[in-house]
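Below is start_28.csv, holding CSV, C-alpha atoms.
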```
chain,number,residue,atom,x,y,z
A,1,MET,CA,9.8,-97.8,-29.6
A,2,ARG,CA,8.5,-100.9,-31.3
A,3,ALA,CA,10.9,-103.8,-32.1
A,4,ALA,CA,11.1,-105.5,-35.5
A,5,PRO,CA,9.3,-108.9,-35.8
A,6,LEU,CA,11.4,-111.8,-34.6
A,7,LEU,CA,10.8,-113.8,-37.8
A,8,LEU,CA,12.7,-111.9,-40.5
A,9,THR,CA,12.8,-114.1,-43.6
A,10,ARG,CA,15.9,-112.4,-45.0
A,11,ALA,CA,19.1,-111.3,-43.3
A,12,ILE,CA,19.0,-107.5,-43.7
A,13,ARG,CA,21.1,-104.8,-42.3
A,14,ILE,CA,18.8,-102.7,-40.1
A,15,MET,CA,19.0,-99.2,-41.5
A,16,THR,CA,17.8,-96.0,-39.8
A,17,SER,CA,16.8,-92.7,-41.4
A,18,ALA,CA,20.4,-91.6,-41.1
A,19,ASP,CA,21.3,-94.3,-43.7
A,20,ARG,CA,18.6,-93.5,-46.2
A,21,ALA,CA,18.8,-91.1,-49.1
A,22,LEU,CA,15.0,-90.7,-49.2
A,23,PRO,CA,12.5,-90.5,-46.3
A,24,ASN,CA,9.7,-93.0,-45.6
A,25,VAL,CA,6.1,-91.6,-45.2
A,26,LEU,CA,3.2,-93.3,-43.5
A,27,ILE,CA,-0.3,-92.1,-44.5
A,28,THR,CA,-2.8,-93.4,-42.0
A,29,GLY,CA,-6.3,-92.8,-40.8
A,30,THR,CA,-9.7,-94.3,-40.5
A,31,PRO,CA,-11.0,-96.0,-43.7
A,32,GLY,CA,-12.5,-93.4,-45.9
A,33,THR,CA,-10.2,-90.5,-44.9
A,34,GLY,CA,-8.4,-90.3,-48.2
A,35,LYS,CA,-5.2,-92.3,-47.6
A,36,THR,CA,-5.1,-94.2,-50.9
A,37,THR,CA,-6.0,-91.1,-52.9
A,38,MET,CA,-3.3,-89.0,-51.2
A,39,GLY,CA,-0.8,-91.8,-51.6
A,40,ALA,CA,-1.6,-92.1,-55.3
A,41,GLN,CA,-1.2,-88.4,-55.8
A,42,LEU,CA,2.1,-88.3,-53.9
A,43,GLY,CA,3.4,-91.2,-55.9
A,44,ALA,CA,2.7,-89.4,-59.1
A,45,LEU,CA,4.5,-86.2,-57.8
A,46,LEU,CA,7.5,-88.1,-56.4
A,47,PRO,CA,8.6,-90.6,-59.0
A,48,ALA,CA,11.7,-91.5,-57.0
A,49,PHE,CA,9.5,-92.9,-54.3
A,50,THR,CA,7.7,-96.3,-54.2
A,51,ARG,CA,4.1,-96.3,-53.3
A,52,VAL,CA,2.7,-99.2,-51.2
A,53,GLU,CA,-1.0,-99.5,-50.7
A,54,LEU,CA,-0.7,-102.0,-47.9
A,55,GLY,CA,-4.3,-103.3,-48.1
A,56,GLU,CA,-3.7,-104.4,-51.7
A,57,LEU,CA,-0.3,-105.9,-50.8
A,58,ILE,CA,-1.8,-107.9,-48.0
A,59,LYS,CA,-4.2,-109.5,-50.5
A,60,ALA,CA,-1.7,-110.0,-53.3
A,61,LYS,CA,1.0,-111.5,-51.2
A,62,GLN,CA,-1.4,-113.3,-48.7
A,63,LEU,CA,0.1,-111.5,-45.7
A,64,HIS,CA,-3.0,-112.5,-43.7
A,65,ALA,CA,-4.4,-115.4,-41.7
A,66,GLY,CA,-7.6,-115.6,-43.7
A,67,TRP,CA,-10.9,-113.7,-44.1
A,68,ASP,CA,-13.0,-112.5,-41.2
A,69,ALA,CA,-16.5,-112.8,-42.6
A,70,GLU,CA,-18.2,-111.0,-39.7
A,71,ASN,CA,-16.1,-107.9,-40.1
A,72,GLU,CA,-15.6,-108.3,-43.9
A,73,ALA,CA,-11.9,-107.9,-43.6
A,74,TYR,CA,-8.6,-109.9,-43.9
A,75,LEU,CA,-7.0,-110.8,-40.6
A,76,TRP,CA,-3.6,-109.3,-41.4
A,77,ASP,CA,-0.5,-111.0,-40.1
A,78,GLU,CA,1.8,-108.3,-38.6
A,79,ASP,CA,4.9,-110.5,-38.7
A,80,LYS,CA,4.4,-111.4,-42.4
A,81,ILE,CA,3.7,-107.7,-43.2
A,82,CYS,CA,6.9,-106.5,-41.4
A,83,ASP,CA,9.0,-109.2,-43.0
A,84,GLU,CA,7.7,-108.3,-46.4
A,85,LEU,CA,8.3,-104.5,-45.9
A,86,GLU,CA,11.7,-104.6,-44.1
A,87,GLU,CA,13.9,-104.4,-47.1
A,88,PRO,CA,12.1,-101.6,-49.0
A,89,MET,CA,11.6,-99.6,-45.8
A,90,SER,CA,15.3,-99.9,-45.1
A,91,ARG,CA,16.2,-98.6,-48.5
A,92,GLY,CA,13.9,-95.6,-48.0
A,93,GLY,CA,11.7,-93.6,-50.4
A,94,VAL,CA,8.5,-95.5,-49.5
A,95,ILE,CA,5.0,-93.9,-49.3
A,96,LEU,CA,2.9,-96.4,-47.3
A,97,ASP,CA,-0.8,-96.0,-46.8
A,98,PHE,CA,-2.7,-98.1,-44.3
A,99,HIS,CA,-5.4,-97.8,-41.6
A,100,GLY,CA,-3.2,-99.5,-39.0
A,101,ALA,CA,-0.2,-97.8,-37.6
A,102,ASP,CA,0.9,-99.2,-34.2
A,103,PHE,CA,2.7,-102.4,-35.3
A,104,PHE,CA,5.4,-101.0,-37.6
A,105,PRO,CA,8.9,-100.4,-36.2
A,106,GLU,CA,9.2,-96.8,-35.3
A,107,ARG,CA,12.5,-96.5,-37.1
A,108,TRP,CA,10.8,-97.0,-40.5
A,109,PHE,CA,9.1,-93.6,-40.7
A,110,ASP,CA,10.4,-90.1,-41.1
A,111,LEU,CA,6.8,-88.6,-41.4
A,112,VAL,CA,3.5,-90.0,-40.2
A,113,VAL,CA,0.4,-88.3,-41.7
A,114,VAL,CA,-2.8,-88.9,-39.8
A,115,LEU,CA,-5.8,-87.9,-42.0
A,116,ARG,CA,-9.0,-86.9,-40.3
A,117,THR,CA,-12.4,-86.5,-41.8
A,118,ASP,CA,-15.6,-84.9,-40.6
A,119,ASN,CA,-18.2,-87.6,-39.8
A,120,SER,CA,-20.8,-86.4,-42.3
A,121,VAL,CA,-18.2,-86.6,-45.1
A,122,LEU,CA,-16.9,-89.9,-43.8
A,123,HIS,CA,-20.4,-91.4,-43.7
A,124,GLY,CA,-21.0,-90.4,-47.3
A,125,ARG,CA,-17.7,-91.9,-48.4
A,126,LEU,CA,-18.2,-95.2,-46.6
A,127,SER,CA,-21.8,-95.5,-47.8
A,128,ALA,CA,-20.6,-95.0,-51.4
A,129,ARG,CA,-18.3,-98.0,-50.8
A,130,ARG,CA,-21.4,-100.0,-49.7
A,131,TYR,CA,-20.1,-100.7,-46.2
A,132,PRO,CA,-22.6,-102.7,-44.2
A,133,ALA,CA,-24.3,-100.7,-41.4
A,134,LYS,CA,-22.3,-102.3,-38.6
A,135,LYS,CA,-18.9,-101.7,-40.3
A,136,LEU,CA,-19.9,-98.2,-41.3
A,137,GLN,CA,-20.9,-97.4,-37.7
A,138,GLU,CA,-17.7,-98.9,-36.3
A,139,ASN,CA,-15.5,-96.8,-38.6
A,140,ILE,CA,-17.5,-93.6,-37.8
A,141,GLU,CA,-17.1,-94.3,-34.0
A,142,ALA,CA,-13.3,-95.0,-34.6
A,143,GLU,CA,-13.0,-91.6,-36.2
A,144,ILE,CA,-15.0,-89.9,-33.4
A,145,MET,CA,-12.8,-91.6,-30.8
A,146,GLN,CA,-9.7,-90.8,-32.8
A,147,VAL,CA,-8.5,-94.4,-32.5
A,148,VAL,CA,-5.9,-94.1,-35.3
A,149,LEU,CA,-4.5,-90.8,-34.0
A,150,ASP,CA,-4.1,-92.2,-30.5
A,151,GLU,CA,-2.3,-95.3,-31.9
A,152,VAL,CA,0.1,-93.0,-33.8
A,153,ILE,CA,0.7,-90.7,-30.7
A,154,GLU,CA,1.5,-93.8,-28.6
A,155,SER,CA,3.8,-95.3,-31.3
A,156,TYR,CA,5.8,-92.4,-32.8
A,157,GLN,CA,7.8,-89.3,-31.8
A,158,ASP,CA,5.7,-86.1,-31.8
A,159,GLU,CA,8.2,-84.4,-34.2
A,160,ILE,CA,7.3,-86.7,-37.1
A,161,ILE,CA,3.5,-86.7,-36.7
A,162,VAL,CA,1.1,-84.4,-38.4
A,163,GLU,CA,-2.7,-84.5,-38.2
A,164,TRP,CA,-4.5,-83.0,-41.2
A,165,GLN,CA,-8.2,-82.6,-42.3
A,166,SER,CA,-9.1,-84.5,-45.4
A,167,ASP,CA,-12.7,-83.4,-46.1
A,168,SER,CA,-12.3,-81.8,-49.5
A,169,LEU,CA,-10.3,-81.9,-52.7
A,170,GLU,CA,-8.7,-78.6,-51.7
A,171,GLN,CA,-7.5,-80.1,-48.4
A,172,LEU,CA,-6.3,-83.2,-50.2
A,173,GLU,CA,-4.3,-81.1,-52.7
A,174,ALA,CA,-2.8,-78.9,-49.8
A,175,ASN,CA,-1.9,-82.1,-47.9
A,176,VAL,CA,-0.2,-83.6,-50.9
A,177,ALA,CA,1.7,-80.3,-51.6
A,178,ARG,CA,3.0,-80.1,-48.0
A,179,VAL,CA,4.3,-83.6,-48.0
A,180,ALA,CA,5.9,-83.2,-51.5
A,181,GLU,CA,7.6,-80.0,-50.4
A,182,TRP,CA,8.8,-81.6,-47.2
A,183,ALA,CA,10.2,-84.7,-49.0
A,184,GLY,CA,12.0,-82.4,-51.4
A,185,SER,CA,13.8,-80.6,-48.6
A,186,TRP,CA,14.3,-83.6,-46.3
A,187,ALA,CA,17.7,-83.5,-44.8
A,188,GLY,CA,17.8,-86.9,-43.0
A,189,ALA,CA,17.2,-87.9,-39.4
A,190,GLY,CA,15.8,-85.1,-37.3
A,191,THR,CA,14.0,-83.3,-40.2
A,192,ARG,CA,10.8,-82.1,-38.5
A,193,ALA,CA,7.4,-82.8,-39.9
A,194,PRO,CA,5.8,-80.0,-41.9
A,195,GLY,CA,4.4,-77.3,-39.6
A,196,LYS,CA,6.4,-78.5,-36.6
```

This entry written out as structure tokens:
Amino acid sequence: MRAAPLLLTRAIRIMTSADRALPNVLITGTPGTGKTTMGAQLGALLPAFTRVELGELIKAKQLHAGWDAENEAYLWDEDKICDELEEPMSRGGVILDFHGADFFPERWFDLVVVLRTDNSVLHGRLSARRYPAKKLQENIEAEIMQVVLDEVIESYQDEIIVEWQSDSLEQLEANVARVAEWAGSWAGAGTRAPGK
């Protein structure tokens, strides 16, 4: 179980899923697997929830230590991110999408969705984003080696983890529908992930 960062900027009562009226959902996976699209569709279907696209929040709130020109990415600051998210996560009803998963406190999430994508589909998506060859190759290799899935398995209880394919619009829609149905029937701590 991961501990909360030591530098909380606000005094907040630490809440667990037993205290929340709505669950928190993490959508994660290698870049290009459909996290942002799935999060947007879920947010539209579940208006009581708050959608957080963490990559955009990191930029907007400067929750980073600068820009890594070689990897063309922000060097995100885990403590700043956790401090920023502690209060909304404690309230519940958050749909968070991000490609990292292993630094969040385990108690934050009631469902962790790991999206996987076939390499040929992923290559096309990342090429369309104009990823440089090195960055594209690193992300394809990360998907092949299931880096994000392994992080999730090491960080969260099996009962809340699902691994779903995200190669097509039909799969995306099915994934969104499963999470929306699960969220609508969520009964608090101990509610198993869809299909578990």

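Going from CA of Asp77 in chain A over to CA of Ile140 in chain A, you cover 24.4 Å.
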
Next on the checklist: I'd like the neighbourhood of Gln146 in chain A as an MDAnalysis selection string, where a residue qualifies if any of its atoms comes within 12 Å (using only C-alpha atoms), though same-chain residues fewer than 2 positions away should be ignored.
Outcome noted: chainID A and resid 28:30 114:119 138:144 148:153 163

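The residue that comes closest to Thr191 in chain A, out of A:Gln137, A:Gln171, A:Asn24, A:Thr50 and on the basis of all atoms listed in the file, is A:Asn24.
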
Item to check | Of the listed residues A:Tyr131, A:Trp164, A:Trp67, A:Tyr156, that which approaches Phe104 in chain A most closely, counting only C-alpha atoms | outcome: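 The answer is A:Tyr156, which sits nearest to Phe104 in chain A.
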
Checklist entry - What gap, in Å, lies between CA of Glu53 in chain A and CA of Leu96 in chain A? => result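 Going from CA of Glu53 in chain A over to CA of Leu96 in chain A covers 6.0 Å.
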
Item to check | Residues within 10 Å of Gln62 in chain A, only C-alpha atoms, excluding chain neighbours under 2 positions, as a PyMOL selection string | outcome: chain A and resi 56-60+64-66+74+76-77+80-81

Checklist entry - For Ser185 in chain A, which residue out of A:Lys134, A:Glu72, A:Leu22, A:Pro105 is the nearest one, using only C-alpha atoms? => result A:Leu22

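Each of A:Leu26, A:Ile161, A:Ala193, A:Met38 was checked against Phe109 in chain A using all atoms listed in the file; the smallest atom-to-atom distance is that of A:Leu26.
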
Next on the checklist: Which residues are near Gly55 in chain A? Cut-off 9 Å, only C-alpha atoms, ignore same chain within fewer than 6 positions. Put them as a list of chain:residue names.
Outcome noted: A:Tyr74, A:Asp97, A:Phe98, A:His99

Checklist entry - Could you state the separation of CA of Gly93 in chain A and CA of Pro23 in chain A in Å, given to one decimal place? => result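 These atoms are spaced 5.2 Å apart.
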
Next on the checklist: With distances taken over only C-alpha atoms, which residue among A:Glu86, A:Asp167, A:Glu159, A:Glu154 lies nearest His123 in chain A?
Outcome noted: A:Asp167

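Counting only C-alpha atoms, the residue from A:Ala73, A:Leu169, A:Val112, A:Ala128 that sits nearest to Ser155 in chain A is A:Val112.
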